[in-house]
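Have a look at the structure below before the remarks.
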Amino acid sequence: MNPNENDLQHDEIRPRRAAAPRTGEQSVDTLLDRMEATLTHARIMPLSDKCLVEKEEMLFLVRMVREGLPDELRQAKWLLDQNRQMIAEARKEADSIMRDAQAQMARMIDEHEITIKAREEATILIEDATRQSTDIRNSAIKYTRDILTDLQDQLAQIQSFVAKNREELE
């Protein structure tokens, strides 16, 4: 059987679906169905569980699935990156405050009274920096958690919608 005949068989076996819910695009569910059908009906290698598929077709389908994913996933990734950046900046600032406090302590070490005051101020700066860093980190984590919870709820709705449509099709 030549490759064109194999493609014809795949096209005949692939389930026919209603129009995709997005105008001008195929739904992620439809694309996944095409990938599944391609894999299900791919030629099997003798004496193994491996099969032959058209690389370009599978890569195209994967790209289409990626493009069909909700924007919320990209937004969540962006938020995570932003949160990591904020935490890194907070750490950098805390390190800078620590270096400043250590330098100030070294200058004042000659005089006992000034040394005691410098240690107190350094401790306060360290506590402030630690508290600020912790507050920023906790806020970033809470914000990310809220976004991810919202995303999870949206994905659950999408999954429920997909399951409902599949049931209707069956």
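Note on naming: chains are A, B, ... as they come in the structure tokens, residues start from 1 per chain, ligands start from 1 in the order shown.
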| request: Name the residues of range 36-135 of chain A that fall into strand (DSSP E or B) according to DSSP on the backbone, using the chain letters and numbers of this document, as a list in words. | output: Arg43, Ile44, Cys51 and Leu52 of chain A
Using C-alpha atoms, can you write the selected residues to a file as a compact mmCIF listing (two decimals), in the first residue's frame?
# COMPACT_ATOMS: atom_id res chain seq x y z
CA ARG A 43 1.06 1.44 10.14
CA ILE A 44 2.49 -0.79 12.86
CA CYS A 51 4.10 2.78 14.43
CA LEU A 52 4.90 5.07 11.50
| request: Mind checking which residues fall within 12 Å of Glu56 in chain A, counting only C-alpha atoms, ignoring those fewer than 6 positions away in the same chain, and posting them as a PyMOL selection string? | output: chain A and resi 35+62-63
Could you dump the residues just selected with C-alpha atoms as a compact mmCIF listing (two decimals), in the first residue's frame?
# COMPACT_ATOMS: atom_id res chain seq x y z
CA MET A 35 -4.02 13.08 16.26
CA VAL A 62 0.72 19.84 17.84
CA ARG A 63 1.25 23.47 16.75
| Length of the CA of Ser27 in chain A to CA of Gly68 in chain A vector [Å] |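 Calculated distance between CA of Ser27 in chain A and CA of Gly68 in chain A is 6.5 Å.
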| task | With a distance cut-off of 10 Å and only C-alpha atoms, select the neighbouring residues of range 119-130 of chain A, excluding the residue or stretch itself and same-chain residues fewer than 2 positions from it, and output the selection as a list in words. | result |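 After dropping sequence-adjacent residues, the list is Ala90, Arg91, Glu93, Ala94, Asp95, Ser96, Ile97, Met98, Arg99, Asp100, Ala101, Gln102, Ala103, Gln104, Met105, Met108, Ile109, Ile114, Thr115, Ile116, Lys117, Gln132, Ser133, Thr134, Asp135 and Ile136 of chain A.
Closest approach to Leu69 in chain A from the set A:Ala163, A:Ala88, A:Val28, A:Leu151 is made by A:Val28, with distances taken over only C-alpha atoms.
Of the listed residues (A:Leu148, A:Ala106, A:Ala42, A:Ala118), A:Leu148 comes nearest to Ala76 in chain A; the distances count only C-alpha atoms.
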| task | Name all residues at most 12 Å from Pro70 in chain A (count only C-alpha atoms; drop same-chain ones fewer than 3 positions away) and give them as a list in words. | result |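 Residues near the query, excluding close chain neighbours: Arg22, Ser27, Val28, Val65, Arg66, Glu67, Leu73, Arg74, Gln75, Ala76, Lys77, Leu151, Gln152, Gln154, Leu155 and Ile158 of chain A.
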| field | Counting only C-alpha atoms, the residue of A:Met58, A:Arg84, A:Arg145, A:Glu168 that sits nearest Asp33 in chain A | value |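 So, comparing all the options, the nearest one is A:Met58.
Among A:Met45, A:Leu31, A:Leu79, A:Leu61, the residue with the shortest atom-to-atom distance to Asp146 in chain A, counting only C-alpha atoms, is A:Leu79.
In this structure, CA of Tyr143 in chain A sits 11.0 Å away from CA of Gln82 in chain A.
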| task | For each of A:Ser48, A:Thr149, A:Ser160, A:Asn138, take the minimum atom-to-atom distance to Met86 in chain A, counting only C-alpha atoms, then give the residue where this is smallest. | result | A:Asn138
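Of note, CA of Asp81 in chain A and CA of Ala156 in chain A are spaced 23.7 Å apart.
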| message | Just list as a ChimeraX atom specification whatever in range 14-92 of chain A DSSP marks as alpha helix (DSSP H). | response | /A:28-40,55-68,71-92
Residue selection dump (C-alpha atoms) as a compact mmCIF listing (two decimals), in the first residue's frame:
# COMPACT_ATOMS: atom_id res chain seq x y z
CA VAL A 28 -8.43 21.58 20.42
CA ASP A 29 -10.77 18.61 20.82
CA THR A 30 -11.03 18.15 17.05
CA LEU A 31 -7.27 18.41 16.64
CA LEU A 32 -6.72 15.85 19.41
CA ASP A 33 -9.24 13.56 17.71
CA ARG A 34 -7.27 13.88 14.45
CA MET A 35 -4.02 13.08 16.26
CA GLU A 36 -5.64 10.09 17.95
CA ALA A 37 -7.06 8.82 14.67
CA THR A 38 -3.70 9.24 12.96
CA LEU A 39 -1.95 7.29 15.68
CA THR A 40 -4.68 4.65 15.90
CA LYS A 55 6.15 13.75 11.17
CA GLU A 56 5.04 16.99 9.51
CA GLU A 57 1.36 16.19 10.04
CA MET A 58 1.88 15.43 13.74
CA LEU A 59 4.01 18.56 14.24
CA PHE A 60 1.37 20.63 12.46
CA LEU A 61 -1.36 19.19 14.72
CA VAL A 62 0.72 19.84 17.84
CA ARG A 63 1.25 23.47 16.75
CA MET A 64 -2.46 23.84 16.12
CA VAL A 65 -3.28 22.40 19.56
CA ARG A 66 -0.84 24.87 21.16
CA GLU A 67 -2.46 27.74 19.32
CA GLY A 68 -5.89 26.52 20.44
CA ASP A 71 -4.91 32.41 26.65
CA GLU A 72 -5.21 31.89 30.41
CA LEU A 73 -2.38 29.34 30.24
CA ARG A 74 -0.03 31.89 28.67
CA GLN A 75 -1.20 34.48 31.19
CA ALA A 76 -0.54 32.10 34.10
CA LYS A 77 2.96 31.40 32.78
CA TRP A 78 3.58 35.11 32.40
CA LEU A 79 2.35 35.70 35.96
CA LEU A 80 4.63 33.00 37.30
CA ASP A 81 7.57 34.57 35.48
CA GLN A 82 6.65 37.99 36.85
CA ASN A 83 6.35 36.59 40.36
CA ARG A 84 9.75 34.94 40.09
CA GLN A 85 11.21 38.20 38.85
CA MET A 86 9.62 40.13 41.76
CA ILE A 87 11.01 37.62 44.26
CA ALA A 88 14.46 37.85 42.65
CA GLU A 89 14.34 41.65 42.81
CA ALA A 90 13.25 41.50 46.46
CA ARG A 91 16.15 39.18 47.22
CA LYS A 92 18.52 41.49 45.36
